[in-house]
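Novice: As input, take data_27.pdb (PDB, C-alpha atoms and all ligand atoms):
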MODEL        1
ATOM      1  CA  MET A   8     139.050 104.004  76.926  1.00  0.00           C
ATOM      2  CA  ILE A   9     135.574 103.228  78.243  1.00  0.00           C
ATOM      3  CA  ILE A  10     134.444 104.941  81.451  1.00  0.00           C
ATOM      4  CA  ALA A  11     131.326 103.473  83.091  1.00  0.00           C
ATOM      5  CA  VAL A  12     129.413 105.711  85.505  1.00  0.00           C
ATOM      6  CA  ASP A  13     126.539 104.127  87.419  1.00  0.00           C
ATOM      7  CA  GLY A  14     124.420 105.240  90.335  1.00  0.00           C
ATOM      8  CA  PRO A  15     120.923 106.025  91.563  1.00  0.00           C
ATOM      9  CA  THR A  16     118.765 108.928  90.449  1.00  0.00           C
ATOM     10  CA  ALA A  17     119.982 112.445  91.401  1.00  0.00           C
ATOM     11  CA  SER A  18     123.319 111.133  92.687  1.00  0.00           C
ATOM     12  CA  GLY A  19     125.199 113.548  90.416  1.00  0.00           C
ATOM     13  CA  LYS A  20     126.308 110.797  88.018  1.00  0.00           C
ATOM     14  CA  GLY A  21     125.118 112.685  84.916  1.00  0.00           C
ATOM     15  CA  THR A  22     126.994 115.869  85.837  1.00  0.00           C
ATOM     16  CA  ILE A  23     130.087 113.842  86.693  1.00  0.00           C
ATOM     17  CA  ALA A  24     129.907 111.806  83.474  1.00  0.00           C
ATOM     18  CA  LYS A  25     129.628 115.007  81.397  1.00  0.00           C
ATOM     19  CA  ALA A  26     132.629 116.540  83.183  1.00  0.00           C
ATOM     20  CA  LEU A  27     134.677 113.367  82.637  1.00  0.00           C
ATOM     21  CA  ALA A  28     133.779 113.401  78.937  1.00  0.00           C
ATOM     22  CA  VAL A  29     135.010 116.998  78.614  1.00  0.00           C
ATOM     23  CA  HIS A  30     138.155 116.337  80.655  1.00  0.00           C
ATOM     24  CA  PHE A  31     139.174 113.214  78.714  1.00  0.00           C
ATOM     25  CA  ASP A  32     137.748 114.484  75.402  1.00  0.00           C
ATOM     26  CA  LEU A  33     135.424 111.514  74.970  1.00  0.00           C
ATOM     27  CA  PRO A  34     131.849 111.292  73.648  1.00  0.00           C
ATOM     28  CA  HIS A  35     129.180 110.843  76.321  1.00  0.00           C
ATOM     29  CA  LEU A  36     125.925 108.871  76.358  1.00  0.00           C
ATOM     30  CA  ASP A  37     123.275 109.412  79.025  1.00  0.00           C
ATOM     31  CA  THR A  38     121.639 105.980  78.779  1.00  0.00           C
ATOM     32  CA  GLY A  39     118.792 107.031  81.091  1.00  0.00           C
ATOM     33  CA  LEU A  40     117.593 109.229  78.257  1.00  0.00           C
ATOM     34  CA  LEU A  41     116.957 106.125  76.103  1.00  0.00           C
ATOM     35  CA  TYR A  42     114.738 104.608  78.818  1.00  0.00           C
ATOM     36  CA  ARG A  43     113.043 107.983  79.258  1.00  0.00           C
ATOM     37  CA  ALA A  44     112.307 108.066  75.508  1.00  0.00           C
ATOM     38  CA  VAL A  45     110.743 104.595  75.728  1.00  0.00           C
ATOM     39  CA  GLY A  46     108.651 105.696  78.733  1.00  0.00           C
ATOM     40  CA  ARG A  47     107.505 108.830  76.917  1.00  0.00           C
ATOM     41  CA  GLN A  48     106.701 106.894  73.724  1.00  0.00           C
ATOM     42  CA  VAL A  49     104.520 104.461  75.708  1.00  0.00           C
ATOM     43  CA  ALA A  50     102.560 107.461  76.998  1.00  0.00           C
ATOM     44  CA  LEU A  51     102.276 108.921  73.466  1.00  0.00           C
ATOM     45  CA  ASN A  52     101.031 105.511  72.258  1.00  0.00           C
ATOM     46  CA  GLU A  53      98.534 105.525  75.158  1.00  0.00           C
ATOM     47  CA  GLY A  54     100.027 102.200  76.234  1.00  0.00           C
ATOM     48  CA  ASP A  55     100.723 100.727  79.662  1.00  0.00           C
ATOM     49  CA  PRO A  56     104.360 101.032  80.834  1.00  0.00           C
ATOM     50  CA  ASP A  57     103.944  97.913  82.982  1.00  0.00           C
ATOM     51  CA  ASN A  58     102.903  95.840  79.978  1.00  0.00           C
ATOM     52  CA  PRO A  59     105.995  94.285  78.318  1.00  0.00           C
ATOM     53  CA  GLN A  60     104.477  94.344  74.808  1.00  0.00           C
ATOM     54  CA  ASP A  61     103.475  98.009  75.021  1.00  0.00           C
ATOM     55  CA  ALA A  62     106.935  98.874  76.360  1.00  0.00           C
ATOM     56  CA  LEU A  63     108.737  96.892  73.655  1.00  0.00           C
ATOM     57  CA  LEU A  64     106.686  98.572  70.918  1.00  0.00           C
ATOM     58  CA  ALA A  65     107.783 101.955  72.278  1.00  0.00           C
ATOM     59  CA  CYS A  66     111.484 101.079  71.782  1.00  0.00           C
ATOM     60  CA  ASP A  67     110.909 102.149  68.174  1.00  0.00           C
ATOM     61  CA  PHE A  68     110.726 105.810  69.266  1.00  0.00           C
ATOM     62  CA  PRO A  69     111.922 108.377  66.690  1.00  0.00           C
ATOM     63  CA  ASP A  70     115.403 109.842  67.399  1.00  0.00           C
ATOM     64  CA  GLU A  71     113.974 113.404  67.537  1.00  0.00           C
ATOM     65  CA  LEU A  72     112.209 112.391  70.751  1.00  0.00           C
ATOM     66  CA  LEU A  73     115.610 112.349  72.483  1.00  0.00           C
ATOM     67  CA  GLU A  74     115.704 116.157  72.088  1.00  0.00           C
ATOM     68  CA  ASP A  75     112.316 116.713  73.746  1.00  0.00           C
ATOM     69  CA  PRO A  76     112.695 118.563  77.097  1.00  0.00           C
ATOM     70  CA  VAL A  77     109.708 116.617  78.462  1.00  0.00           C
ATOM     71  CA  LEU A  78     112.097 113.661  78.786  1.00  0.00           C
ATOM     72  CA  ARG A  79     113.711 115.463  81.761  1.00  0.00           C
ATOM     73  CA  SER A  80     110.467 115.639  83.759  1.00  0.00           C
ATOM     74  CA  GLU A  81     109.838 113.677  86.950  1.00  0.00           C
ATOM     75  CA  GLU A  82     106.828 112.045  85.327  1.00  0.00           C
ATOM     76  CA  THR A  83     108.900 110.702  82.423  1.00  0.00           C
ATOM     77  CA  GLY A  84     111.579 109.531  84.898  1.00  0.00           C
ATOM     78  CA  GLY A  85     108.936 107.447  86.657  1.00  0.00           C
ATOM     79  CA  LEU A  86     107.746 105.961  83.336  1.00  0.00           C
ATOM     80  CA  ALA A  87     111.374 105.202  82.397  1.00  0.00           C
ATOM     81  CA  SER A  88     111.905 103.321  85.635  1.00  0.00           C
ATOM     82  CA  ARG A  89     108.760 101.263  84.957  1.00  0.00           C
ATOM     83  CA  VAL A  90     109.581 100.308  81.346  1.00  0.00           C
ATOM     84  CA  SER A  91     113.189  99.512  82.311  1.00  0.00           C
ATOM     85  CA  VAL A  92     112.147  96.420  84.318  1.00  0.00           C
ATOM     86  CA  HIS A  93     111.161  94.544  81.132  1.00  0.00           C
ATOM     87  CA  PRO A  94     114.015  92.321  79.836  1.00  0.00           C
ATOM     88  CA  ALA A  95     112.816  92.801  76.219  1.00  0.00           C
ATOM     89  CA  VAL A  96     113.216  96.579  76.558  1.00  0.00           C
ATOM     90  CA  ARG A  97     116.723  96.218  77.989  1.00  0.00           C
ATOM     91  CA  GLU A  98     117.645  93.859  75.159  1.00  0.00           C
ATOM     92  CA  ALA A  99     116.242  96.237  72.530  1.00  0.00           C
ATOM     93  CA  LEU A 100     118.375  99.103  73.895  1.00  0.00           C
ATOM     94  CA  PHE A 101     121.523  97.006  74.406  1.00  0.00           C
ATOM     95  CA  THR A 102     122.967  97.150  70.870  1.00  0.00           C
ATOM     96  CA  ARG A 103     122.786 100.932  70.655  1.00  0.00           C
ATOM     97  CA  GLN A 104     124.543 101.367  74.007  1.00  0.00           C
ATOM     98  CA  ARG A 105     127.158  98.709  73.270  1.00  0.00           C
ATOM     99  CA  ALA A 106     127.961 100.260  69.869  1.00  0.00           C
ATOM    100  CA  PHE A 107     128.432 103.633  71.568  1.00  0.00           C
ATOM    101  CA  ALA A 108     130.805 102.074  74.123  1.00  0.00           C
ATOM    102  CA  GLU A 109     132.810 100.279  71.431  1.00  0.00           C
ATOM    103  CA  GLN A 110     133.444 103.283  69.175  1.00  0.00           C
ATOM    104  CA  ASP A 111     137.066 104.093  68.314  1.00  0.00           C
ATOM    105  CA  GLY A 112     138.756 106.204  70.940  1.00  0.00           C
ATOM    106  CA  GLY A 113     136.329 105.211  73.681  1.00  0.00           C
ATOM    107  CA  ALA A 114     133.393 106.790  75.458  1.00  0.00           C
ATOM    108  CA  VAL A 115     131.793 107.721  78.754  1.00  0.00           C
ATOM    109  CA  LEU A 116     128.397 106.154  79.477  1.00  0.00           C
ATOM    110  CA  ASP A 117     126.241 106.774  82.510  1.00  0.00           C
ATOM    111  CA  GLY A 118     123.311 104.716  83.743  1.00  0.00           C
ATOM    112  CA  ARG A 119     122.493 101.858  86.090  1.00  0.00           C
ATOM    113  CA  ASP A 120     124.099  98.789  84.486  1.00  0.00           C
ATOM    114  CA  ILE A 121     127.021 100.168  82.485  1.00  0.00           C
ATOM    115  CA  GLY A 122     129.801  98.576  84.552  1.00  0.00           C
ATOM    116  CA  THR A 123     127.895  95.330  85.007  1.00  0.00           C
ATOM    117  CA  ILE A 124     126.109  94.612  81.686  1.00  0.00           C
ATOM    118  CA  ILE A 125     126.751  97.166  78.923  1.00  0.00           C
ATOM    119  CA  ALA A 126     130.509  97.537  79.364  1.00  0.00           C
ATOM    120  CA  PRO A 127     131.846  94.960  81.824  1.00  0.00           C
ATOM    121  CA  ASP A 128     135.154  95.554  79.999  1.00  0.00           C
ATOM    122  CA  ALA A 129     135.234  99.282  80.914  1.00  0.00           C
ATOM    123  CA  HIS A 130     138.703 100.545  81.878  1.00  0.00           C
ATOM    124  CA  VAL A 131     137.296 102.611  84.722  1.00  0.00           C
ATOM    125  CA  LYS A 132     134.088 101.918  86.645  1.00  0.00           C
ATOM    126  CA  LEU A 133     132.525 104.428  88.986  1.00  0.00           C
ATOM    127  CA  TYR A 134     129.517 104.124  91.235  1.00  0.00           C
ATOM    128  CA  ILE A 135     128.267 107.544  92.295  1.00  0.00           C
ATOM    129  CA  THR A 136     125.925 107.742  95.245  1.00  0.00           C
ATOM    130  CA  ALA A 137     124.528 110.137  97.863  1.00  0.00           C
ATOM    131  CA  SER A 138     122.007 109.902 100.702  1.00  0.00           C
ATOM    132  CA  VAL A 139     118.298 109.888  99.825  1.00  0.00           C
ATOM    133  CA  GLU A 140     117.810 113.152 101.786  1.00  0.00           C
ATOM    134  CA  GLU A 141     120.576 114.933  99.889  1.00  0.00           C
ATOM    135  CA  ARG A 142     119.405 113.644  96.509  1.00  0.00           C
ATOM    136  CA  ALA A 143     115.858 114.797  97.289  1.00  0.00           C
ATOM    137  CA  ARG A 144     117.174 118.206  98.382  1.00  0.00           C
ATOM    138  CA  ARG A 145     119.153 118.613  95.122  1.00  0.00           C
ATOM    139  CA  ARG A 146     116.176 117.616  92.994  1.00  0.00           C
ATOM    140  CA  TRP A 147     113.929 119.971  94.989  1.00  0.00           C
ATOM    141  CA  LEU A 148     116.364 122.893  94.492  1.00  0.00           C
ATOM    142  CA  GLU A 149     116.594 122.137  90.781  1.00  0.00           C
ATOM    143  CA  MET A 150     112.790 122.047  90.445  1.00  0.00           C
ATOM    144  CA  THR A 151     112.282 125.182  92.527  1.00  0.00           C
ATOM    145  CA  GLY A 152     114.791 126.875  90.191  1.00  0.00           C
ATOM    146  CA  ARG A 153     112.522 125.913  87.298  1.00  0.00           C
ATOM    147  CA  GLU A 154     109.565 127.312  89.265  1.00  0.00           C
ATOM    148  CA  ILE A 155     108.014 123.898  89.774  1.00  0.00           C
ATOM    149  CA  GLU A 156     106.442 123.761  93.227  1.00  0.00           C
ATOM    150  CA  ILE A 157     106.539 120.353  94.840  1.00  0.00           C
ATOM    151  CA  PRO A 158     106.933 119.368  98.513  1.00  0.00           C
ATOM    152  CA  LEU A 159     110.352 117.965  99.446  1.00  0.00           C
ATOM    153  CA  ALA A 160     108.678 114.946 101.100  1.00  0.00           C
ATOM    154  CA  GLU A 161     106.980 114.049  97.812  1.00  0.00           C
ATOM    155  CA  ILE A 162     110.303 114.085  95.950  1.00  0.00           C
ATOM    156  CA  GLU A 163     111.893 111.966  98.670  1.00  0.00           C
ATOM    157  CA  GLU A 164     109.103 109.387  98.411  1.00  0.00           C
ATOM    158  CA  ASP A 165     109.470 109.298  94.639  1.00  0.00           C
ATOM    159  CA  ILE A 166     113.251 108.785  94.880  1.00  0.00           C
ATOM    160  CA  ILE A 167     112.780 105.913  97.350  1.00  0.00           C
ATOM    161  CA  ARG A 168     110.184 104.323  95.043  1.00  0.00           C
ATOM    162  CA  ARG A 169     112.493 104.619  92.007  1.00  0.00           C
ATOM    163  CA  ASP A 170     115.515 103.307  93.946  1.00  0.00           C
ATOM    164  CA  ASN A 171     113.522 100.276  95.097  1.00  0.00           C
ATOM    165  CA  ARG A 172     112.353  99.505  91.567  1.00  0.00           C
ATOM    166  CA  ASP A 173     115.830  99.983  90.026  1.00  0.00           C
ATOM    167  CA  ILE A 174     117.638  97.965  92.739  1.00  0.00           C
ATOM    168  CA  ASN A 175     115.144  95.111  93.036  1.00  0.00           C
ATOM    169  CA  ARG A 176     114.315  94.373  89.387  1.00  0.00           C
ATOM    170  CA  ALA A 177     115.390  90.894  88.295  1.00  0.00           C
ATOM    171  CA  ASP A 178     117.153  91.944  85.084  1.00  0.00           C
ATOM    172  CA  ALA A 179     120.266  94.192  85.273  1.00  0.00           C
ATOM    173  CA  PRO A 180     119.448  95.772  88.645  1.00  0.00           C
ATOM    174  CA  LEU A 181     121.190  98.927  89.811  1.00  0.00           C
ATOM    175  CA  LYS A 182     124.346  97.856  91.616  1.00  0.00           C
ATOM    176  CA  ALA A 183     128.021  98.700  91.789  1.00  0.00           C
ATOM    177  CA  ALA A 184     130.298  96.389  89.793  1.00  0.00           C
ATOM    178  CA  PRO A 185     132.604  94.610  92.278  1.00  0.00           C
ATOM    179  CA  GLU A 186     135.631  96.531  90.957  1.00  0.00           C
ATOM    180  CA  ALA A 187     133.864  99.925  90.802  1.00  0.00           C
ATOM    181  CA  MET A 188     135.183 102.925  92.722  1.00  0.00           C
ATOM    182  CA  VAL A 189     132.313 104.012  94.968  1.00  0.00           C
ATOM    183  CA  ILE A 190     132.109 107.776  95.429  1.00  0.00           C
ATOM    184  CA  ASP A 191     129.639 109.274  97.891  1.00  0.00           C
ATOM    185  CA  THR A 192     128.829 112.879  96.947  1.00  0.00           C
ATOM    186  CA  THR A 193     126.511 113.591  99.919  1.00  0.00           C
ATOM    187  CA  ALA A 194     128.905 116.068 101.518  1.00  0.00           C
ATOM    188  CA  LEU A 195     130.452 117.362  98.281  1.00  0.00           C
ATOM    189  CA  HIS A 196     129.472 120.420  96.271  1.00  0.00           C
ATOM    190  CA  LYS A 197     129.263 119.937  92.516  1.00  0.00           C
ATOM    191  CA  ASP A 198     132.776 121.246  91.721  1.00  0.00           C
ATOM    192  CA  ALA A 199     134.332 119.270  94.582  1.00  0.00           C
ATOM    193  CA  ALA A 200     132.580 116.089  93.421  1.00  0.00           C
ATOM    194  CA  ILE A 201     133.849 116.584  89.857  1.00  0.00           C
ATOM    195  CA  GLU A 202     137.383 117.260  91.090  1.00  0.00           C
ATOM    196  CA  THR A 203     137.340 114.188  93.378  1.00  0.00           C
ATOM    197  CA  VAL A 204     136.183 111.939  90.540  1.00  0.00           C
ATOM    198  CA  ILE A 205     138.671 113.266  87.972  1.00  0.00           C
ATOM    199  CA  GLU A 206     141.499 112.741  90.461  1.00  0.00           C
ATOM    200  CA  ALA A 207     140.268 109.204  91.220  1.00  0.00           C
ATOM    201  CA  VAL A 208     140.092 108.329  87.510  1.00  0.00           C
ATOM    202  CA  GLU A 209     143.528 109.784  86.786  1.00  0.00           C
ATOM    203  CA  ALA A 210     144.993 107.841  89.715  1.00  0.00           C
ATOM    204  CA  ALA A 211     143.343 104.629  88.448  1.00  0.00           C
ATOM    205  CA  LEU A 212     144.853 105.166  84.984  1.00  0.00           C
ATOM    206  CA  ARG A 213     148.423 105.733  86.266  1.00  0.00           C
TER     207      ARG A 213
HETATM  208  O1  LIG A 301     119.227 108.119  84.977  1.00  0.00           O
HETATM  209  P1  LIG A 301     117.752 108.446  84.753  1.00  0.00           P
HETATM  210  O2  LIG A 301     117.076 108.989  85.986  1.00  0.00           O
HETATM  211  O3  LIG A 301     117.537 109.316  83.564  1.00  0.00           O
HETATM  212  O4  LIG A 301     117.063 107.028  84.434  1.00  0.00           O
HETATM  213  C1  LIG A 301     115.675 106.881  84.324  1.00  0.00           C
HETATM  214  C2  LIG A 301     115.313 105.423  84.538  1.00  0.00           C
HETATM  215  O5  LIG A 301     115.817 104.626  83.466  1.00  0.00           O
HETATM  216  C3  LIG A 301     115.864 104.783  85.801  1.00  0.00           C
HETATM  217  O6  LIG A 301     114.975 104.940  86.894  1.00  0.00           O
HETATM  218  C4  LIG A 301     116.067 103.342  85.432  1.00  0.00           C
HETATM  219  C5  LIG A 301     116.253 103.360  83.939  1.00  0.00           C
HETATM  220  N1  LIG A 301     117.642 103.129  83.508  1.00  0.00           N
HETATM  221  C6  LIG A 301     118.070 101.823  83.472  1.00  0.00           C
HETATM  222  O7  LIG A 301     117.316 100.921  83.843  1.00  0.00           O
HETATM  223  N2  LIG A 301     119.303 101.540  83.003  1.00  0.00           N
HETATM  224  C7  LIG A 301     120.145 102.508  82.611  1.00  0.00           C
HETATM  225  N3  LIG A 301     121.364 102.186  82.149  1.00  0.00           N
HETATM  226  C8  LIG A 301     119.726 103.858  82.675  1.00  0.00           C
HETATM  227  C9  LIG A 301     118.469 104.139  83.155  1.00  0.00           C
ENDMDL
END
Could you write out this structure as structure tokens?
Specialist:
Amino acid sequence: MIIAVDGPTASGKGTIAKALAVHFDLPHLDTGLLYRAVGRQVALNEGDPDNPQDALLACDFPDELLEDPVLRSEETGGLASRVSVHPAVREALFTRQRAFAEQDGGAVLDGRDIGTIIAPDAHVKLYITASVEERARRRWLEMTGREIEIPLAEIEEDIIRRDNRDINRADAPLKAAPEAMVIDTTALHKDAAIETVIEAVEAALR
């Protein structure tokens, strides 16, 4: 069984995808991490993330880079969003994601184009969303918890910028697959969101 989980940044899709993987005992791939690794590798190469050749070269990142905590930073998230607009980068990362989706027994993948491009054949497709204000608030709380001081307004601006880039790029833009279940987590706490999604998936599989 393939479960596709898409949605914008800080919507809760990663947390939900992890919980689904545990619940259904499936392996999980956070595909955003692959784009983050490419973004980080461009920076390490002192390249330009907006240059398609520099971005493609960075797709050769070493696997150890995926373990680097710097990949989780806001800065790397911004670089990831920039390199992800290049069709050659998306093509270079396709095979790895598709192979993960096709493994025996199935998988959970989360990202922006899982239900539309990577696994249009997924058995269950989810699109997780939340308001910009709530996503900014969550990110701000998370960063404050890590003792990173940043104004809420700055995070909100960054989220809007990333949403615009992810939604408006020509190749594999962020969007819900027509048959996806859309779940808005704005008013839901983490545990309630997880419970709602697990119930929705179980109902869809009945
Ligand atoms: O989910 P994330 O915040 O880690 O993703 C970082 C960026 O990577 C996101 O802004 C766009 C890109 N991305 C993508 O284009 N396609 C995916 N399947 C996953 C992420």
Novice: Which of these residues is nearest to Leu86 of chain A, using all atoms listed in the file: A:Leu100, A:Ile124, A:Leu40, A:Ala106?
Specialist: A:Leu40
Novice: Taking the file as I've supplied it (selection: the PyMOL selection byres (((chain A and resi 44-57) around 10) and not hetatm)), which residues are included? Please answer as number ranges by chain.
Specialist: A: 39-43, 58-75, 77-79, 82-93, 96, 100
Novice: Grab the atom CA of Asn171 of chain A to atom O7 of ligand LIG 301 (chain A) distance for me, in Å with one decimal place.
Specialist: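 Calculated distance between atom CA of Asn171 of chain A and atom O7 of ligand LIG 301 (chain A) is 11.9 Å.
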Novice: Using only C-alpha atoms and all ligand atoms, which of A:Arg146, A:Thr102, A:His35, A:Asp173 sits nearest ligand LIG 301 (chain A)?
Specialist: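 Going through A:Arg146, A:Thr102, A:His35, A:Asp173 one by one, the smallest distance to ligand LIG 301 (chain A) is for A:Asp173.
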Novice: May I have the residues within 9 Å of Ala200 of chain A as a list in words, using only C-alpha atoms and disregarding those fewer than 3 positions away in the same chain?
Specialist: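 Non-adjacent residues within range: Gly19, Ile23, Ile190, Asp191, Thr192, Ala194, Leu195, His196, Lys197, Thr203, Val204 and Ile205 of chain A.
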Novice: Here's a test: counting all atoms listed in the file, identify every protein, DNA and RNA residue with an atom at most 7 Å from (114.8, 111.0, 98.9) in the file's coordinate frame, and state them as number ranges by chain.
Specialist: A: 139-140, 142-143, 162-164, 166-167
Novice: The selected residues should be written to file as a PDB file, in the coordinates of the input (atoms: C-alpha atoms).
Specialist:
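Output contents, as saved in result16.pdb:
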ATOM      1  CA  VAL A 139     118.298 109.888  99.825  1.00  0.00           C
ATOM      2  CA  GLU A 140     117.810 113.152 101.786  1.00  0.00           C
ATOM      3  CA  ARG A 142     119.405 113.644  96.509  1.00  0.00           C
ATOM      4  CA  ALA A 143     115.858 114.797  97.289  1.00  0.00           C
ATOM      5  CA  ILE A 162     110.303 114.085  95.950  1.00  0.00           C
ATOM      6  CA  GLU A 163     111.893 111.966  98.670  1.00  0.00           C
ATOM      7  CA  GLU A 164     109.103 109.387  98.411  1.00  0.00           C
ATOM      8  CA  ILE A 166     113.251 108.785  94.880  1.00  0.00           C
ATOM      9  CA  ILE A 167     112.780 105.913  97.350  1.00  0.00           C
TER      10      ILE A 167
END
Novice: What is the atom CA of His30 of chain A-atom CA of Thr123 of chain A distance in Å, reported with one decimal?
Specialist: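 Straight-line distance from atom CA of His30 of chain A to atom CA of Thr123 of chain A works out to 23.8 Å.
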Novice: In Å, with one decimal, what is the gap from atom CA of Lys182 of chain A to atom CA of Val115 of chain A?
Specialist: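 Taking atom CA of Lys182 of chain A and atom CA of Val115 of chain A, their separation equals 17.8 Å.
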Novice: Quick one: apply the PyMOL selection byres (((chain A and resi 104) around 10) and not hetatm) to the file and drop the selected residues here as a list in words.
Specialist: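 In the shown coordinates, the PyMOL selection byres (((chain A and resi 104) around 10) and not hetatm) covers Leu36, Asp37, Thr38, Leu41, Ala99, Leu100, Phe101, Thr102, Arg103, Arg105, Ala106, Phe107, Ala108, Glu109, Leu116, Ile121, Ile125 and Ala126 of chain A.
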Novice: Go through A:Leu27, A:Leu33, A:Ala177, A:Leu148 and flag the residue nearest Glu202 of chain A, using all atoms listed in the file for the distances.
Specialist: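 That would be A:Leu27, the residue with the smallest distance to Glu202 of chain A.
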Novice: Here is a test: counting all atoms listed in the file, which residue of A:Ala184, A:Ala17, A:Met150, A:Ala210 is nearest to ligand LIG 301 (chain A)?
Specialist: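 The answer is A:Ala17, which sits nearest to ligand LIG 301 (chain A).
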Novice: Could you work out an axis-aligned box for segment 140-144 of chain A, taking every atom the file lists and adding 4 Å on each side, and report centre and edge lengths in Å to one decimal, as JSON?
Specialist:
{"center_x": 118.2, "center_y": 115.7, "center_z": 99.1, "size_x": 12.7, "size_y": 13.1, "size_z": 13.3}
Novice: Which of these residues is nearest to Ile157 of chain A, using all atoms listed in the file: A:Arg144, A:Ile9, A:Asn175, A:Pro34?
Specialist: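 Using all atoms listed in the file, Ile157 of chain A sits closest to A:Arg144.
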Novice: Using only C-alpha atoms and all ligand atoms, which of the listed residues (A:Gly152, A:Gly112, A:Pro158, A:Pro15) sits closest to ligand LIG 301 (chain A)?
Specialist: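 Ranking A:Gly152, A:Gly112, A:Pro158, A:Pro15 by distance to ligand LIG 301 (chain A), first place goes to A:Pro15.
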Novice: What's around Asp13 of chain A at 8 Å? Count only C-alpha atoms, leave out sequence neighbours fewer than 5 positions away in its own chain, and write the answer as a PyMOL selection string.
Specialist: chain A and resi 20+117-122+132-135+181-183
